[in-house]
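Printed here is my_file_32.txt (compact mmCIF, C-alpha atoms):
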# COMPACT_ATOMS: atom_id res chain seq x y z
CA MET D 17 15.60 -27.35 -5.99
CA MET D 18 14.43 -24.83 -3.40
CA LYS D 19 17.95 -24.08 -2.19
CA LYS D 20 19.15 -23.25 -5.70
CA THR D 21 16.24 -21.14 -6.89
CA LEU D 22 14.56 -19.48 -3.92
CA LEU D 23 16.87 -16.53 -3.47
CA SER D 24 16.41 -13.42 -5.60
CA LEU D 25 20.00 -12.96 -6.75
CA PHE D 26 21.76 -16.27 -6.60
CA CYS D 27 25.41 -17.04 -6.01
CA LEU D 28 26.62 -20.34 -4.61
CA VAL D 29 29.43 -19.83 -2.09
CA ALA D 30 31.92 -22.67 -1.94
CA ALA D 31 32.09 -24.65 1.28
CA MET D 32 34.80 -23.80 3.77
CA ALA D 33 37.53 -26.35 4.24
CA THR D 34 36.79 -28.49 7.26
CA GLU D 35 39.99 -27.40 8.97
CA ALA D 36 39.29 -23.69 8.45
CA GLN D 37 37.42 -21.56 10.94
CA THR D 38 36.84 -18.63 8.58
CA ALA D 39 36.75 -18.02 4.85
CA ASP D 40 36.75 -14.79 2.87
CA MET D 41 34.81 -14.32 -0.34
CA LYS D 42 34.90 -11.55 -2.88
CA VAL D 43 31.45 -10.61 -4.16
CA ALA D 44 30.84 -8.34 -7.15
CA VAL D 45 27.38 -6.89 -7.85
CA SER D 46 27.12 -5.56 -11.41
CA ASN D 47 24.33 -3.34 -12.77
CA GLN D 48 24.12 -3.95 -16.50
CA LEU D 49 21.30 -1.45 -17.06
CA SER D 50 21.82 2.14 -18.16
CA VAL D 51 19.87 3.44 -15.14
CA SER D 52 20.73 3.51 -11.44
CA ARG D 53 19.27 0.92 -9.10
CA THR D 54 18.44 1.30 -5.43
CA ALA D 55 17.83 -1.24 -2.68
CA VAL D 56 19.43 -4.08 -4.63
CA PRO D 57 18.99 -7.40 -2.79
CA VAL D 58 21.89 -9.83 -2.81
CA ALA D 59 21.33 -13.40 -1.65
CA LEU D 60 24.12 -15.94 -1.32
CA GLN D 61 23.41 -19.63 -0.90
CA LEU D 62 26.01 -21.28 1.34
CA GLU D 63 27.06 -24.85 0.63
CA SER D 64 28.10 -25.31 4.25
CA PRO D 65 26.27 -23.76 7.20
CA VAL D 66 28.02 -21.02 9.18
CA GLY D 67 27.63 -19.39 12.58
CA SER D 68 28.35 -15.75 11.72
CA ALA D 69 29.11 -13.53 8.75
CA LEU D 70 30.63 -10.10 8.13
CA VAL D 71 30.16 -8.03 4.95
CA MET D 72 32.44 -5.08 4.15
CA ASP D 73 32.23 -2.73 1.15
CA ALA D 74 35.20 -1.60 -0.95
CA GLN D 75 35.87 1.30 1.48
CA GLY D 76 36.05 -1.05 4.46
CA VAL D 77 32.64 -0.05 5.85
CA GLU D 78 30.58 -2.81 7.46
CA ILE D 79 27.31 -3.55 5.63
CA PRO D 80 24.36 -5.06 7.55
CA CYS D 81 23.71 -8.65 6.56
CA GLN D 82 21.37 -11.47 7.50
CA LEU D 83 21.82 -15.21 7.98
CA ASP D 84 18.75 -17.43 7.55
CA ASP D 85 17.72 -21.03 8.05
CA LEU D 86 15.09 -21.31 5.31
CA ASP D 87 14.78 -25.08 5.21
CA GLY D 88 14.26 -25.47 8.94
CA ASP D 89 17.18 -27.80 9.61
CA GLY D 90 18.57 -25.59 12.37
CA LYS D 91 21.54 -24.36 10.34
CA TYR D 92 22.13 -21.04 8.61
CA GLU D 93 22.56 -21.79 4.92
CA SER D 94 21.77 -18.44 3.27
CA LEU D 95 23.25 -14.95 3.56
CA SER D 96 21.66 -11.76 2.27
CA PHE D 97 22.42 -8.04 2.24
CA VAL D 98 21.06 -4.99 0.43
CA VAL D 99 23.11 -2.60 -1.72
CA LYS D 100 21.77 0.93 -1.27
CA GLU D 101 22.57 2.13 -4.80
CA ILE D 102 24.45 1.03 -7.91
CA GLY D 103 24.99 3.49 -10.75
CA PRO D 104 24.28 2.72 -14.40
CA LYS D 105 26.69 0.17 -15.88
CA LYS D 106 28.57 0.12 -12.55
CA SER D 107 29.70 -2.59 -10.17
CA CYS D 108 30.05 -2.69 -6.38
CA HIS D 109 32.51 -4.95 -4.60
CA PHE D 110 32.25 -6.56 -1.17
CA THR D 111 34.25 -8.87 1.06
CA VAL D 112 32.28 -11.54 2.88
CA THR D 113 33.88 -13.26 5.87
CA LEU D 114 32.18 -16.47 6.97
CA SER D 115 32.85 -18.06 10.35
CA GLU D 116 31.95 -21.58 11.35
CA SER D 117 31.40 -20.49 14.95
CA GLY D 118 29.73 -17.53 16.63
CA GLN D 119 26.31 -15.94 16.23
CA PRO D 120 24.78 -13.65 13.58
CA ARG D 121 25.65 -10.00 14.15
CA LYS D 122 22.94 -7.67 15.43
CA TYR D 123 21.78 -4.77 13.25
CA GLU D 124 19.00 -2.19 13.46
CA PRO D 125 15.86 -3.90 12.09
CA GLN D 126 14.69 -2.60 8.71
CA VAL D 127 11.85 -5.12 8.42
CA TYR D 128 9.41 -6.82 10.76
CA ALA D 129 7.10 -9.86 10.67
CA GLU D 130 4.55 -11.25 13.09
CA MET D 131 2.02 -14.05 13.40
CA MET D 132 -0.20 -14.53 16.42
CA LEU D 133 -3.23 -16.26 17.81
CA THR D 134 -6.14 -14.10 18.91
CA ASN D 135 -6.21 -13.66 22.68
CA LYS D 136 -9.90 -13.32 23.50
CA LYS D 137 -9.02 -11.95 26.94
CA ILE D 138 -7.55 -8.87 25.27
CA LYS D 139 -10.18 -6.70 23.62
CA SER D 140 -7.80 -4.24 21.96
CA SER D 141 -6.92 -5.03 18.34
CA ASN D 142 -3.40 -3.65 18.66
CA LYS D 143 -2.30 -5.23 21.94
CA GLN D 144 -2.48 -8.94 21.16
CA ASP D 145 0.27 -11.06 22.70
CA LEU D 146 0.07 -14.72 21.61
CA TYR D 147 2.95 -14.69 19.12
CA ILE D 148 3.70 -17.83 17.12
CA SER D 149 6.08 -18.74 14.29
CA SER D 150 4.12 -21.47 12.51
CA LEU D 151 0.76 -23.22 12.44
CA THR D 152 -0.40 -26.36 10.65
CA VAL D 153 -4.06 -27.31 10.27
CA ASP D 154 -5.69 -30.40 8.78
CA ASN D 155 -8.12 -30.40 5.88
CA GLY D 156 -11.42 -28.83 6.82
CA THR D 157 -9.95 -26.69 9.61
CA ASN D 158 -10.14 -22.94 9.02
CA PRO D 159 -8.09 -20.88 11.51
CA TYR D 160 -8.96 -17.55 9.84
CA TRP D 161 -10.79 -16.21 12.91
CA MET D 162 -8.37 -17.82 15.37
CA LEU D 163 -5.44 -15.78 14.08
CA HIS D 164 -5.01 -12.09 14.68
CA HIS D 165 -5.04 -10.19 11.37
CA HIS D 166 -6.02 -13.59 9.91
CA GLY D 167 -2.50 -14.77 9.11
CA PRO D 168 1.13 -13.64 9.04
CA ALA D 169 1.88 -9.95 8.40
CA PHE D 170 5.22 -8.48 7.35
CA GLU D 171 6.63 -5.08 6.48
CA ASN D 172 9.52 -2.79 5.71
CA ASP D 173 9.39 0.96 6.28
CA MET D 174 7.53 1.58 2.97
CA VAL D 175 4.86 -1.14 2.74
CA ALA D 176 3.21 -3.98 4.63
CA TYR D 177 1.47 -7.17 3.49
CA ARG D 178 -0.52 -9.95 5.11
CA ILE D 179 -1.64 -13.40 3.91
CA TYR D 180 -5.00 -14.91 4.84
CA PHE D 181 -4.81 -18.32 6.48
CA ASP D 182 -7.69 -20.01 4.67
CA GLU D 183 -8.49 -21.49 1.28
CA ARG D 184 -8.25 -18.04 -0.33
CA GLN D 185 -4.66 -17.32 0.78
CA THR D 186 -5.35 -13.75 -0.29
CA VAL D 187 -2.55 -11.18 -0.18
CA ASP D 188 -3.78 -7.97 1.48
CA ILE D 189 -1.94 -4.67 2.03
CA TYR D 190 -1.37 -1.90 4.58
CA GLY D 191 -0.46 1.56 3.28
CA LYS D 192 1.73 4.10 5.08
CA TYR D 193 1.97 7.88 5.29
CA ARG D 194 5.58 7.95 6.48
CA ARG D 195 8.55 5.63 6.21
CA ALA D 196 8.54 3.64 9.45
CA LEU D 197 8.03 0.17 10.89
CA GLU D 198 4.53 0.18 12.36
CA LEU D 199 3.07 -3.32 12.71
CA ARG D 200 4.53 -3.97 16.15
CA ASP D 201 2.49 -0.96 17.34
CA THR D 202 -0.68 -1.24 15.24
CA GLN D 203 -0.85 -4.99 14.58
CA PHE D 204 -2.51 -4.06 11.25
CA TYR D 205 -5.38 -2.33 13.12
CA PRO D 206 -4.40 1.20 14.22
CA ASP D 207 -6.66 2.82 16.79
CA SER D 208 -8.00 6.36 16.44
CA GLU D 209 -5.07 7.90 18.33
CA GLN D 210 -2.54 6.11 16.14
CA LYS D 211 -4.35 7.22 12.98
CA ALA D 212 -4.37 10.80 14.23
CA SER D 213 -0.62 10.64 14.85
CA GLY D 214 0.18 9.47 11.33
CA TYR D 215 0.14 5.68 11.37
CA GLY D 216 -0.99 3.84 8.26
CA ASP D 217 -3.87 1.39 7.85
CA ASP D 218 -5.44 -1.37 5.80
CA VAL D 219 -6.02 0.27 2.40
CA LEU D 220 -7.67 -2.46 0.32
CA TRP D 221 -10.86 -4.49 0.36
CA VAL D 222 -10.12 -7.95 -1.00
CA GLY D 223 -13.02 -10.27 -0.14
CA LYS D 224 -12.72 -13.39 -2.30
CA THR D 225 -10.66 -11.66 -4.98
CA PHE D 226 -6.97 -12.25 -5.72
CA GLY D 227 -6.08 -9.17 -3.67
CA VAL D 228 -2.51 -8.50 -4.77
CA GLY D 229 -1.36 -11.61 -6.61
CA ALA D 230 -2.74 -14.53 -4.59
CA LEU D 231 -2.10 -17.84 -6.36
CA ARG D 232 -5.01 -20.25 -6.77
CA GLY D 233 -6.18 -23.16 -8.85
CA TRP D 234 -7.78 -23.08 -12.30
CA HIS D 235 -9.98 -25.97 -13.42
CA ASN D 236 -12.68 -26.33 -16.06
CA GLY D 237 -12.34 -22.66 -16.97
CA GLU D 238 -12.88 -21.32 -13.45
CA MET D 239 -10.74 -19.98 -10.63
CA GLN D 240 -10.63 -22.39 -7.68
CA MET D 241 -9.73 -21.68 -4.08
CA LEU D 242 -7.03 -23.88 -2.54
CA GLN D 243 -9.74 -25.80 -0.77
CA ASP D 244 -9.01 -29.52 -0.93
CA VAL D 245 -5.68 -30.05 0.86
CA GLU D 246 -4.48 -32.67 3.32
CA SER D 247 -2.99 -29.92 5.49
CA ARG D 248 -2.04 -26.27 5.30
CA THR D 249 0.93 -24.60 7.07
CA LEU D 250 1.84 -20.92 7.30
CA SER D 251 5.16 -19.94 8.86
CA VAL D 252 7.37 -16.91 9.41
CA VAL D 253 10.81 -18.35 8.57
CA ALA D 254 12.85 -15.11 8.43
CA ARG D 255 12.21 -11.98 10.49
CA GLY D 256 15.01 -9.60 9.56
CA PRO D 257 16.90 -7.39 9.98
CA LEU D 258 16.94 -7.02 6.16
CA ARG D 259 14.27 -9.32 4.82
CA THR D 260 11.24 -11.28 5.91
CA VAL D 261 10.26 -14.64 4.44
CA VAL D 262 6.80 -16.17 4.91
CA LYS D 263 6.27 -19.77 3.88
CA VAL D 264 2.94 -21.33 2.86
CA VAL D 265 2.65 -25.11 2.39
CA ASP D 266 -0.45 -26.64 0.80
CA LYS D 267 0.26 -30.33 1.32
CA GLY D 268 -1.61 -32.94 -0.69
CA TRP D 269 -3.49 -30.37 -2.77
CA ASN D 270 -6.13 -31.58 -5.21
CA ALA D 271 -5.41 -29.29 -8.16
CA ARG D 272 -8.50 -30.67 -9.96
CA TYR D 273 -10.93 -29.45 -7.31
CA PRO D 274 -13.96 -29.62 -7.30
CA ASP D 275 -13.42 -32.90 -9.14
CA THR D 276 -11.94 -35.78 -7.17
CA CYS D 277 -8.42 -37.12 -7.59
CA THR D 278 -6.37 -40.07 -6.47
CA ALA D 279 -3.74 -39.93 -3.72
CA GLU D 280 -1.02 -40.15 -6.38
CA GLU D 281 -2.46 -37.15 -8.24
CA ARG D 282 -2.29 -34.86 -5.21
CA ILE D 283 0.64 -32.47 -5.09
CA ASP D 284 2.46 -30.38 -2.48
CA MET D 285 2.76 -26.68 -3.27
CA THR D 286 5.14 -24.52 -1.23
CA THR D 287 5.14 -20.73 -1.63
CA TYR D 288 7.65 -18.25 -0.23
CA TYR D 289 6.89 -14.52 0.07
CA THR D 290 10.11 -12.49 0.45
CA LEU D 291 10.17 -8.78 1.29
CA TYR D 292 13.48 -6.86 1.39
CA ALA D 293 14.26 -3.58 3.11
CA GLY D 294 13.76 -0.52 0.92
CA ARG D 295 11.56 -2.16 -1.72
CA ARG D 296 7.85 -1.97 -2.46
CA ASP D 297 7.69 -5.30 -4.18
CA CYS D 298 7.40 -8.78 -2.75
CA GLN D 299 9.06 -11.75 -4.44
CA VAL D 300 6.91 -14.89 -4.70
CA ASP D 301 8.57 -18.29 -5.25
CA VAL D 302 6.38 -21.34 -5.85
CA PHE D 303 7.68 -24.92 -5.67
CA PHE D 304 5.96 -28.22 -6.43
CA SER D 305 6.78 -31.68 -5.10
CA ARG D 306 6.67 -33.15 -8.61
CA ASP D 307 6.40 -32.01 -12.21
CA ALA D 308 3.40 -29.66 -12.42
CA SER D 309 3.45 -29.02 -16.17
CA GLU D 310 -0.12 -30.25 -16.60
CA ILE D 311 -1.54 -28.05 -13.83
CA GLU D 312 -3.11 -24.69 -14.61
CA LEU D 313 -3.25 -21.99 -11.94
CA SER D 314 -4.72 -18.52 -11.65
CA THR D 315 -3.56 -15.23 -10.19
CA GLY D 316 -4.07 -11.52 -10.73
CA LEU D 317 -5.24 -8.36 -9.02
CA VAL D 318 -8.46 -7.24 -7.41
CA ASN D 319 -10.42 -4.92 -9.71
CA VAL D 320 -10.53 -1.83 -7.50
CA LYS D 321 -13.81 -0.06 -8.13
CA GLY D 322 -13.56 2.27 -11.14
CA SER D 323 -9.86 1.55 -11.54
CA LYS D 324 -7.70 2.27 -14.56
CA GLU D 325 -5.92 -0.76 -16.01
CA TYR D 326 -2.39 -1.17 -17.31
CA SER D 327 -0.95 -4.17 -19.17
CA ASP D 328 2.00 -4.78 -21.44
CA GLY D 329 0.43 -8.02 -22.68
CA LYS D 330 3.51 -9.96 -21.54
CA GLY D 331 2.87 -10.73 -17.88
CA LEU D 332 2.88 -7.23 -16.40
CA ARG D 333 -0.45 -5.90 -15.19
CA GLY D 334 -1.56 -3.12 -12.90
CA CYS D 335 -4.45 -0.94 -11.82
CA TRP D 336 -5.03 2.38 -10.05
CA GLY D 337 -8.30 3.14 -8.31
CA THR D 338 -10.22 4.28 -5.23
CA ASP D 339 -12.58 2.33 -2.99
CA TRP D 340 -13.49 1.63 0.61
CA PRO D 341 -10.84 -0.60 2.29
CA VAL D 342 -13.62 -2.51 4.08
CA SER D 343 -17.22 -3.38 3.25
CA GLU D 344 -19.35 -0.25 3.13
CA LYS D 345 -21.43 -1.39 6.11
CA ASP D 346 -18.20 -1.43 8.17
CA SER D 347 -16.82 1.84 6.78
CA VAL D 348 -17.27 3.95 9.94
CA GLY D 349 -13.84 5.23 10.96
CA HIS D 350 -12.40 4.60 7.51
CA LYS D 351 -12.00 6.70 4.38
CA ARG D 352 -11.87 5.79 0.73
CA GLU D 353 -8.36 4.72 -0.23
CA THR D 354 -6.54 5.22 -3.52
CA VAL D 355 -4.03 2.52 -4.39
CA GLY D 356 -1.97 1.17 -7.25
CA LEU D 357 -1.54 -2.59 -7.54
CA GLY D 358 0.90 -4.50 -9.73
CA ILE D 359 1.88 -8.04 -10.66
CA CYS D 360 4.65 -9.33 -12.92
CA VAL D 361 4.44 -12.96 -14.06
CA PRO D 362 7.03 -14.47 -16.43
CA SER D 363 5.57 -14.36 -19.92
CA SER D 364 6.65 -17.97 -20.43
CA ASN D 365 4.22 -19.01 -17.67
CA VAL D 366 1.24 -16.95 -18.88
CA ILE D 367 -1.34 -19.15 -20.60
CA SER D 368 -3.84 -16.32 -21.01
CA GLU D 369 -4.53 -12.82 -19.75
CA LEU D 370 -8.27 -12.70 -19.21
CA PRO D 371 -10.39 -9.56 -19.52
CA ALA D 372 -11.22 -7.81 -16.28
CA ASP D 373 -14.44 -8.86 -14.57
CA ASN D 374 -16.24 -7.26 -11.64
CA SER D 375 -13.81 -8.81 -9.17
CA ASN D 376 -10.39 -9.29 -10.75
CA TYR D 377 -7.83 -8.66 -13.43
CA PRO D 378 -7.03 -12.37 -13.92
CA PHE D 379 -4.25 -14.47 -15.42
CA VAL D 380 -4.26 -18.18 -16.16
CA VAL D 381 -0.71 -19.42 -15.59
CA GLY D 382 1.04 -22.74 -15.96
CA LYS D 383 3.75 -24.56 -17.91
CA ILE D 384 5.57 -24.99 -14.59
CA ALA D 385 7.84 -27.98 -14.19
CA LYS D 386 8.89 -27.64 -10.55
CA ALA D 387 9.11 -23.92 -9.73
CA MET D 388 7.94 -20.45 -10.73
CA ARG D 389 8.87 -16.97 -9.52
CA TYR D 390 6.71 -13.88 -9.89
CA HIS D 391 6.52 -10.49 -8.17
CA ILE D 392 3.81 -8.29 -6.67
CA THR D 393 3.85 -4.63 -5.66
CA PHE D 394 1.66 -1.71 -4.62
CA ALA D 395 1.56 1.98 -3.73
CA SER D 396 -0.80 4.02 -1.56
CA ASP D 397 -1.77 7.58 -2.38
CA ASN D 398 -1.37 8.32 1.35
CA GLU D 399 2.43 8.22 1.08
CA THR D 400 4.10 11.49 2.03
CA PHE D 401 7.69 10.31 1.67
CA PRO D 402 9.75 11.31 -1.41
CA GLU D 403 9.23 7.94 -3.12
CA GLY D 404 5.45 8.30 -2.84
CA ILE D 405 3.31 7.68 -5.94
CA HIS D 406 0.16 9.72 -6.45
CA SER D 407 -1.29 9.18 -9.92
CA ALA D 408 -2.12 6.39 -12.33
CA LYS D 409 0.49 7.65 -14.79
CA ALA D 410 3.24 7.75 -12.18
CA PHE D 411 2.34 4.27 -10.96
CA PHE D 412 2.21 2.76 -14.45
CA ASP D 413 5.57 4.36 -15.26
CA TYR D 414 6.91 2.76 -12.09
CA LEU D 415 5.51 -0.64 -13.17
CA ALA D 416 7.33 -0.51 -16.51
CA ALA D 417 10.64 0.32 -14.80
CA TRP D 418 9.97 -2.27 -12.10
CA LYS D 419 9.52 -5.06 -14.63
CA ARG D 420 12.88 -4.27 -16.16
CA ASP D 421 14.44 -4.33 -12.70
CA VAL D 422 13.03 -7.73 -11.67
CA GLU D 423 13.51 -9.41 -15.04
CA GLN D 424 17.09 -8.17 -15.49
CA PRO D 425 18.59 -8.46 -12.01
CA CYS D 426 22.13 -7.41 -11.21
CA VAL D 427 24.78 -10.00 -11.97
CA ILE D 428 26.36 -11.51 -8.87
CA SER D 429 29.78 -13.15 -9.00
CA CYS D 430 31.65 -14.76 -6.11
CA SER D 431 35.23 -15.91 -5.71
CA ARG D 432 37.40 -17.09 -2.85
CA ARG D 433 39.73 -14.35 -1.64
Turn this file's structure into structure tokens for me.
Amino acid sequence: MMKKTLLSLFCLVAAMATEAQTADMKVAVSNQLSVSRTAVPVALQLESPVGSALVMDAQGVEIPCQLDDLDGDGKYESLSFVVKEIGPKKSCHFTVTLSESGQPRKYEPQVYAEMMLTNKKIKSSNKQDLYISSLTVDNGTNPYWMLHHHGPAFENDMVAYRIYFDERQTVDIYGKYRRALELRDTQFYPDSEQKASGYGDDVLWVGKTFGVGALRGWHNGEMQMLQDVESRTLSVVARGPLRTVVKVVDKGWNARYPDTCTAEERIDMTTYYTLYAGRRDCQVDVFFSRDASEIELSTGLVNVKGSKEYSDGKGLRGCWGTDWPVSEKDSVGHKRETVGLGICVPSSNVISELPADNSNYPFVVGKIAKAMRYHITFASDNETFPEGIHSAKAFFDYLAAWKRDVEQPCVISCSRR
């Protein structure tokens, strides 16, 4: 199920004949909207693993691409690339050459991801060095303070996100002034010199809220943290050059918490957060180990203090507001931050859109058999690049266009050359 639904724009590429060393595919990417699209992600699921891949556009120019092993079996089974722009009602054509041997080609990184343990011997918050790819903890173990920036962080040159490694699994954000990869330098905590030279920073206080679209339980009319699990694993499974993928596994989750459940009633929930180069939004794919139709969940956005709300009543919700990015008692060295937050949940999965409370703009979601995809996004008023968004109106206009983009993706077709 995961292999056939995880990727944002799906096309199954036929397996190469066993006697062949290479195979060429023709890939067409068609924009059926009457507006141009930029940074269009294309993801191809390969039936047979390959060693290397080459993507060329219709003019014979090489396009950066990425091979990934998303299921952890040691074989590359997915290929992705990003189309810079497709005009209204236009199509772009590419040739993909797959080789059974070799290694993935090297390209200039357009994204970055990191996860690390806190090295107590190093006092600086932006010079930590205990990098890891994955961590699993048993029920009752909370590694929140053991991990630097409290979980995996990932970015492209426009935005950065992080996910808390605890029962909240909150999605937090880092806003930028300029388009650049910064987390390798700042590790989510820029020092005063970095701030003075134009680096970005944490721009949102999340606490126990949803932050930007964290997924949690819903039981007896209340939001529930993902607290009762047999084990929890967070992993960075793709690091670029064009996309990052972070995987969260809540194994043996009691979706009825705080009530008890039997071993048979527990369920495994696996969540993938995918960020592509050139896009603000993050794609969220959720998979269950069995039919989850009876389970209700909750998600939404933090209610930024004094924020303006936007909703289309059909799964799209947003807010624009200004607040301290940390608790007020820790606000020395920080300034108030203005941000726009957005979430787009399929209307078919929305059970109810609840009124805003002091903490959140909440949804109750469900009617999920085995999988659900939704999207999250944000903007920071600090942005000085041309794509920057600086008002509630501009952000809400962006949200409306964004929903159309994610709900009506380009059509991908593949054929053997």
Practice task
Compile the contact shell of Lys330 of chain D as a list in words: residues with an atom at most 9 Å away, counting all atoms listed in the file, same-chain residues fewer than 5 positions apart removed.
Solution key: Cys360, Val361, Pro362, Ser363, Ser364, Val366 and Glu369 of chain D
Exercise for the section: Write out as a PyMOL selection string which residues come within 8 Å of Arg295 of chain D when counting all atoms listed in the file, dropping same-chain ones fewer than 3 positions away. Expected result: chain D and resi 55+172+174+291-292+298
Keeping only C-alpha atoms, write those residues as a CSV table (one decimal), in the frame of the given file.
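See selection_13.csv below for the written result:
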chain,number,residue,atom,x,y,z
D,55,ALA,CA,17.8,-1.2,-2.7
D,172,ASN,CA,9.5,-2.8,5.7
D,174,MET,CA,7.5,1.6,3.0
D,291,LEU,CA,10.2,-8.8,1.3
D,292,TYR,CA,13.5,-6.9,1.4
D,298,CYS,CA,7.4,-8.8,-2.8
Practice task
Please identify all polymer residues within 8 Å of segment 123-137 of chain D, counting all atoms listed in the file, omitting same-chain residues fewer than 3 positions from it, and present them as a ChimeraX atom specification.
Solution key: /D:80-81,144-150,161-164,167-173,197,199-200,252,255-260,292-293
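Between Met239 of chain D and the residues D:Glu423, D:Asp328, D:Glu312, D:Asp217, the shortest atom-to-atom distance, using only C-alpha atoms, involves D:Glu312.
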List every residue of segment 318-379 of chain D that has an atom at most 12 Å from any atom of segment 232-237 of chain D, and for each one report the closest atom pair and its distance in Å to one decimal, counting only C-alpha atoms, with rows sorted by chain and then by increasing residue number, as a Markdown table.
| residue | atom | partner | partner_atom | distance |
| --- | --- | --- | --- | --- |
| D:Ile367 | CA | D:Trp234 | CA | 11.2 |
| D:Ser368 | CA | D:Gly237 | CA | 11.3 |
| D:Leu370 | CA | D:Gly237 | CA | 11.0 |
| D:Pro378 | CA | D:Arg232 | CA | 10.8 |
| D:Phe379 | CA | D:Trp234 | CA | 9.8 |
Write the residues you've just listed into a file as a PDB file, keeping the file's coordinate frame, and include C-alpha atoms for each of them.
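Written output follows (part_4.pdb):
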ATOM      1  CA  ILE D 367      -1.340 -19.150 -20.600  1.00  0.00           C
ATOM      2  CA  SER D 368      -3.840 -16.320 -21.010  1.00  0.00           C
ATOM      3  CA  LEU D 370      -8.270 -12.700 -19.210  1.00  0.00           C
ATOM      4  CA  PRO D 378      -7.030 -12.370 -13.920  1.00  0.00           C
ATOM      5  CA  PHE D 379      -4.250 -14.470 -15.420  1.00  0.00           C
TER       6      PHE D 379
END
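Here the question is which of D:Pro206, D:Ile138, D:Arg53, D:Thr152 gets nearest to Lys105 of chain D using only C-alpha atoms, and that residue is D:Arg53.
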Problem - Long-range neighbours of segment 287-290 of chain D as a list in words, 9 Å cut-off, only C-alpha atoms, 4 positions minimum in chain - result: Leu22, Leu23, Ser24, Ala254, Arg259, Thr260, Val261, Val262, Lys263, Val264, Val265, Asp266, Asp297, Cys298, Gln299, Val300, Asp301, Val302, Phe303 and Phe304 of chain D
Fill in the blank from the handout: Computed gap from atom CA of Val98 of chain D to atom CA of Thr186 of chain D is 27.8 Å
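Picture a line from atom CA of Asp85 of chain D to atom CA of Val112 of chain D; it runs 18.1 Å.
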Exercise for the section: Would you mind listing what lies within 12 Å of Ile283 of chain D as a PyMOL selection string, with all atoms listed in the file counted and same-chain residues fewer than 3 positions away left out? Expected result: chain D and resi 242+244-247+265-272+277-280+286+303-311+386
